[in-house]
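Undergrad: Below is the file input20.cif, which contains mmCIF, N, CA and C atoms.
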```
data_model
loop_
_atom_site.label_atom_id
_atom_site.label_comp_id
_atom_site.auth_asym_id
_atom_site.auth_seq_id
_atom_site.Cartn_x
_atom_site.Cartn_y
_atom_site.Cartn_z
N MET A 27 99.69 109.78 106.92
CA MET A 27 98.56 108.90 106.81
C MET A 27 97.69 109.12 108.05
N ALA A 28 96.41 109.00 107.86
CA ALA A 28 95.47 109.14 108.98
C ALA A 28 94.73 107.82 109.16
N GLY A 29 94.31 107.59 110.38
CA GLY A 29 93.56 106.38 110.68
C GLY A 29 92.67 106.61 111.89
N ARG A 30 92.05 105.54 112.33
CA ARG A 30 91.21 105.59 113.52
C ARG A 30 91.70 104.51 114.48
N ILE A 31 91.67 104.82 115.77
CA ILE A 31 92.12 103.85 116.76
C ILE A 31 90.92 103.35 117.57
N SER A 32 91.00 102.09 117.98
CA SER A 32 89.93 101.49 118.78
C SER A 32 90.56 100.38 119.62
N ASP A 33 89.74 99.77 120.47
CA ASP A 33 90.19 98.65 121.30
C ASP A 33 91.50 98.98 122.03
N LEU A 34 91.55 100.18 122.60
CA LEU A 34 92.76 100.63 123.30
C LEU A 34 92.97 99.88 124.60
N SER A 35 94.21 99.57 124.88
CA SER A 35 94.63 99.02 126.17
C SER A 35 96.02 99.57 126.44
N PRO A 36 96.53 99.40 127.64
CA PRO A 36 97.89 99.88 127.91
C PRO A 36 98.95 99.23 127.00
N GLU A 37 98.65 98.04 126.49
CA GLU A 37 99.62 97.30 125.68
C GLU A 37 99.52 97.56 124.18
N GLY A 38 98.37 98.08 123.71
CA GLY A 38 98.24 98.28 122.28
C GLY A 38 96.86 98.73 121.87
N CYS A 39 96.61 98.69 120.55
CA CYS A 39 95.32 99.12 120.02
C CYS A 39 95.11 98.55 118.63
N CYS A 40 93.92 98.75 118.13
CA CYS A 40 93.58 98.42 116.76
C CYS A 40 93.58 99.73 115.97
N VAL A 41 94.17 99.70 114.79
CA VAL A 41 94.22 100.86 113.91
C VAL A 41 93.52 100.49 112.62
N SER A 42 92.62 101.36 112.16
CA SER A 42 91.99 101.13 110.86
C SER A 42 92.17 102.37 110.00
N THR A 43 92.30 102.14 108.70
CA THR A 43 92.50 103.23 107.76
C THR A 43 92.01 102.80 106.39
N ASP A 44 91.66 103.75 105.57
CA ASP A 44 91.20 103.46 104.22
C ASP A 44 92.37 103.08 103.31
N SER A 45 93.57 103.43 103.72
CA SER A 45 94.75 103.16 102.88
C SER A 45 95.84 102.51 103.73
N LEU A 46 95.59 101.30 104.17
CA LEU A 46 96.53 100.61 105.05
C LEU A 46 97.66 100.00 104.21
N PHE A 47 98.80 100.66 104.21
CA PHE A 47 99.96 100.22 103.44
C PHE A 47 101.06 99.76 104.37
N ILE A 48 100.71 99.03 105.39
CA ILE A 48 101.71 98.55 106.32
C ILE A 48 101.65 97.03 106.38
N LYS A 49 102.72 96.44 106.85
CA LYS A 49 102.82 95.00 106.92
C LYS A 49 103.07 94.57 108.36
N VAL A 50 102.79 93.30 108.64
CA VAL A 50 103.12 92.75 109.94
C VAL A 50 104.62 92.94 110.16
N GLY A 51 104.98 93.43 111.33
CA GLY A 51 106.37 93.71 111.65
C GLY A 51 106.79 95.14 111.41
N ALA A 52 105.93 95.93 110.76
CA ALA A 52 106.26 97.34 110.49
C ALA A 52 106.26 98.13 111.80
N ARG A 53 107.13 99.09 111.90
CA ARG A 53 107.19 100.00 113.04
C ARG A 53 106.30 101.19 112.73
N VAL A 54 105.47 101.61 113.68
CA VAL A 54 104.56 102.72 113.48
C VAL A 54 104.61 103.69 114.66
N VAL A 55 104.20 104.91 114.38
CA VAL A 55 104.02 105.93 115.41
C VAL A 55 102.59 106.43 115.28
N ILE A 56 101.84 106.34 116.37
CA ILE A 56 100.49 106.89 116.44
C ILE A 56 100.64 108.24 117.12
N ARG A 57 100.18 109.31 116.46
CA ARG A 57 100.39 110.67 116.96
C ARG A 57 99.08 111.33 117.38
N PRO A 58 98.62 111.04 118.61
CA PRO A 58 97.39 111.69 119.09
C PRO A 58 97.61 113.19 119.30
N ASP A 59 96.55 113.97 119.11
CA ASP A 59 96.61 115.41 119.35
C ASP A 59 97.08 115.70 120.76
N GLY A 60 98.09 116.58 120.90
CA GLY A 60 98.52 117.05 122.21
C GLY A 60 99.36 116.08 123.02
N LEU A 61 99.71 114.92 122.46
CA LEU A 61 100.52 113.94 123.18
C LEU A 61 101.72 113.54 122.34
N GLU A 62 102.74 113.00 123.00
CA GLU A 62 103.87 112.46 122.26
C GLU A 62 103.41 111.23 121.49
N GLY A 63 104.12 110.91 120.45
CA GLY A 63 103.77 109.75 119.64
C GLY A 63 103.90 108.46 120.41
N LEU A 64 103.02 107.52 120.12
CA LEU A 64 103.05 106.19 120.71
C LEU A 64 103.67 105.26 119.68
N THR A 65 104.84 104.71 119.98
CA THR A 65 105.52 103.84 119.04
C THR A 65 105.14 102.39 119.29
N GLY A 66 105.14 101.61 118.22
CA GLY A 66 104.81 100.21 118.36
C GLY A 66 105.11 99.43 117.10
N ILE A 67 104.71 98.17 117.13
CA ILE A 67 104.95 97.26 116.01
C ILE A 67 103.63 96.61 115.62
N VAL A 68 103.42 96.46 114.32
CA VAL A 68 102.21 95.83 113.82
C VAL A 68 102.33 94.32 114.03
N ARG A 69 101.37 93.75 114.74
CA ARG A 69 101.39 92.31 115.05
C ARG A 69 100.46 91.49 114.16
N TRP A 70 99.39 92.13 113.64
CA TRP A 70 98.46 91.42 112.76
C TRP A 70 97.75 92.41 111.85
N ILE A 71 97.26 91.90 110.74
CA ILE A 71 96.48 92.71 109.79
C ILE A 71 95.29 91.86 109.35
N SER A 72 94.12 92.49 109.29
CA SER A 72 92.91 91.85 108.78
C SER A 72 92.09 92.91 108.06
N GLY A 73 92.05 92.81 106.74
CA GLY A 73 91.32 93.81 105.96
C GLY A 73 91.95 95.18 106.12
N ASP A 74 91.15 96.16 106.58
CA ASP A 74 91.66 97.52 106.75
C ASP A 74 92.08 97.79 108.19
N LYS A 75 92.26 96.74 109.00
CA LYS A 75 92.62 96.91 110.40
C LYS A 75 93.96 96.25 110.70
N ALA A 76 94.66 96.84 111.66
CA ALA A 76 95.95 96.31 112.09
C ALA A 76 96.04 96.39 113.61
N GLY A 77 96.61 95.38 114.21
CA GLY A 77 96.84 95.38 115.65
C GLY A 77 98.24 95.88 115.94
N VAL A 78 98.34 96.89 116.79
CA VAL A 78 99.62 97.48 117.13
C VAL A 78 99.93 97.21 118.60
N GLU A 79 101.10 96.65 118.85
CA GLU A 79 101.59 96.45 120.21
C GLU A 79 102.54 97.60 120.53
N PHE A 80 102.22 98.37 121.58
CA PHE A 80 103.06 99.50 121.96
C PHE A 80 104.42 99.01 122.47
N ASP A 81 105.46 99.82 122.23
CA ASP A 81 106.80 99.47 122.72
C ASP A 81 106.86 99.45 124.23
N THR A 82 106.16 100.39 124.84
CA THR A 82 106.07 100.43 126.30
C THR A 82 104.60 100.63 126.67
N PRO A 83 104.15 100.01 127.75
CA PRO A 83 102.75 100.20 128.15
C PRO A 83 102.40 101.67 128.37
N VAL A 84 101.19 102.01 128.01
CA VAL A 84 100.70 103.38 128.17
C VAL A 84 99.98 103.48 129.51
N TYR A 85 100.23 104.56 130.23
CA TYR A 85 99.63 104.83 131.53
C TYR A 85 98.09 104.79 131.40
N ALA A 86 97.42 104.06 132.28
CA ALA A 86 95.98 103.82 132.19
C ALA A 86 95.15 105.11 132.03
N PRO A 87 95.41 106.20 132.78
CA PRO A 87 94.62 107.42 132.55
C PRO A 87 94.79 107.98 131.14
N VAL A 88 95.96 107.78 130.52
CA VAL A 88 96.17 108.24 129.15
C VAL A 88 95.33 107.38 128.20
N VAL A 89 95.28 106.08 128.44
CA VAL A 89 94.44 105.19 127.65
C VAL A 89 92.98 105.63 127.73
N ASP A 90 92.51 105.93 128.94
CA ASP A 90 91.13 106.39 129.12
C ASP A 90 90.87 107.68 128.35
N HIS A 91 91.82 108.62 128.43
CA HIS A 91 91.68 109.89 127.72
C HIS A 91 91.61 109.66 126.21
N LEU A 92 92.50 108.82 125.69
CA LEU A 92 92.51 108.54 124.26
C LEU A 92 91.22 107.86 123.82
N ALA A 93 90.73 106.92 124.61
CA ALA A 93 89.49 106.22 124.28
C ALA A 93 88.33 107.19 124.20
N GLN A 94 88.24 108.12 125.12
CA GLN A 94 87.16 109.12 125.09
C GLN A 94 87.33 110.06 123.90
N HIS A 95 88.55 110.52 123.66
CA HIS A 95 88.82 111.50 122.62
C HIS A 95 88.59 110.94 121.21
N TYR A 96 88.91 109.67 121.02
CA TYR A 96 88.85 109.08 119.69
C TYR A 96 87.70 108.08 119.50
N GLN A 97 86.77 108.01 120.46
CA GLN A 97 85.70 107.02 120.38
C GLN A 97 84.74 107.23 119.21
N ALA A 98 84.58 108.43 118.75
CA ALA A 98 83.63 108.71 117.67
C ALA A 98 84.27 108.58 116.29
N GLY A 99 85.43 107.94 116.21
CA GLY A 99 86.09 107.76 114.92
C GLY A 99 86.91 108.94 114.46
N ARG A 100 87.23 109.84 115.38
CA ARG A 100 88.07 110.99 115.05
C ARG A 100 89.41 110.48 114.51
N PRO A 101 89.90 111.06 113.41
CA PRO A 101 91.16 110.58 112.84
C PRO A 101 92.37 110.92 113.70
N VAL A 102 93.37 110.06 113.60
CA VAL A 102 94.64 110.27 114.29
C VAL A 102 95.75 110.08 113.26
N LYS A 103 96.85 110.80 113.42
CA LYS A 103 97.97 110.68 112.48
C LYS A 103 98.76 109.41 112.75
N LEU A 104 99.17 108.77 111.66
CA LEU A 104 99.99 107.55 111.73
C LEU A 104 101.22 107.73 110.85
N ASN A 105 102.35 107.29 111.33
CA ASN A 105 103.58 107.30 110.55
C ASN A 105 104.26 105.95 110.66
N MET A 106 104.92 105.54 109.60
CA MET A 106 105.75 104.34 109.64
C MET A 106 107.20 104.79 109.69
N TYR A 107 108.01 103.98 110.33
CA TYR A 107 109.45 104.28 110.32
C TYR A 107 110.25 103.02 110.28
#
```
Write the structure described by the file as structure tokens, please.
TA:
Amino acid sequence: MAGRISDLSPEGCCVSTDSLFIKVGARVVIRPDGLEGLTGIVRWISGDKAGVEFDTPVYAPVVDHLAQHYQAGRPVKLNMY
């Protein structure tokens, strides 16, 4: 599944997708290009958006890199587990 990430912080992000088939409490992996997957749990859903809380905080420079890389709506891979 592919989606778009926004509202990034060290603790989590917002994920939007055209085919959001996840539920609150679902475990997800966000797989940015060139980085290890970011694991987390879905905390809320509203329409086609979901709030993901990362399992461990993400290092601030990595958050900045991801925000720049994905700011134009570039898709990112998403997996549920």
Undergrad: Residue by residue, what does the PyMOL selection byres ((chain A and resi 83-90) around 6.5) grab here? Present the result as a short mmCIF file (atom, residue, chain, number, x, y, z; two decimals) with N, CA and C atoms, in the coordinates of the input.
TA:
```
data_model
loop_
_atom_site.label_atom_id
_atom_site.label_comp_id
_atom_site.auth_asym_id
_atom_site.auth_seq_id
_atom_site.Cartn_x
_atom_site.Cartn_y
_atom_site.Cartn_z
N LEU A 34 91.55 100.18 122.60
CA LEU A 34 92.76 100.63 123.30
C LEU A 34 92.97 99.88 124.60
N SER A 35 94.21 99.57 124.88
CA SER A 35 94.63 99.02 126.17
C SER A 35 96.02 99.57 126.44
N PRO A 36 96.53 99.40 127.64
CA PRO A 36 97.89 99.88 127.91
C PRO A 36 98.95 99.23 127.00
N GLU A 37 98.65 98.04 126.49
CA GLU A 37 99.62 97.30 125.68
C GLU A 37 99.52 97.56 124.18
N GLY A 38 98.37 98.08 123.71
CA GLY A 38 98.24 98.28 122.28
C GLY A 38 96.86 98.73 121.87
N PHE A 80 102.22 98.37 121.58
CA PHE A 80 103.06 99.50 121.96
C PHE A 80 104.42 99.01 122.47
N ASP A 81 105.46 99.82 122.23
CA ASP A 81 106.80 99.47 122.72
C ASP A 81 106.86 99.45 124.23
N THR A 82 106.16 100.39 124.84
CA THR A 82 106.07 100.43 126.30
C THR A 82 104.60 100.63 126.67
N HIS A 91 91.82 108.62 128.43
CA HIS A 91 91.68 109.89 127.72
C HIS A 91 91.61 109.66 126.21
N LEU A 92 92.50 108.82 125.69
CA LEU A 92 92.51 108.54 124.26
C LEU A 92 91.22 107.86 123.82
N ALA A 93 90.73 106.92 124.61
CA ALA A 93 89.49 106.22 124.28
C ALA A 93 88.33 107.19 124.20
N GLN A 94 88.24 108.12 125.12
CA GLN A 94 87.16 109.12 125.09
C GLN A 94 87.33 110.06 123.90
N HIS A 95 88.55 110.52 123.66
CA HIS A 95 88.82 111.50 122.62
C HIS A 95 88.59 110.94 121.21
#
```
Undergrad: What's the separation between atom CA of Ser72 of chain A and atom N of Gly60 of chain A, in Å to one decimal place?
TA: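 Separation of atom CA of Ser72 of chain A and atom N of Gly60 of chain A: 28.0 Å.
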Undergrad: Could you pull out the residues in chain A that DSSP calls strand (DSSP E) from the backbone, as a ChimeraX atom specification?
TA: /A:28-35,38-42,53-57,64-72,75-80,102-106
Undergrad: Starting from the displayed file, determine the output of the PyMOL selection byres (((chain A and resi 53 and name CA) around 8) and name CA) and express the residue list as a list in words.
TA: Gly51, Ala52, Val54, Val55, Thr65, Gly66, Ile67, Val68, Met106 and Tyr107 of chain A
Undergrad: Between A:Glu79, A:Asn105, A:Gln97, A:Phe47, which one has atoms that come closest to Ser32 of chain A, using only N, CA and C atoms?
TA: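 For Ser32 of chain A, the nearest of the given residues is A:Gln97.
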Undergrad: Please compute the atom CA of Ile71 of chain A-atom N of Tyr96 of chain A distance, one decimal, in Å.
TA: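 Between these atoms lies a distance of 21.7 Å.
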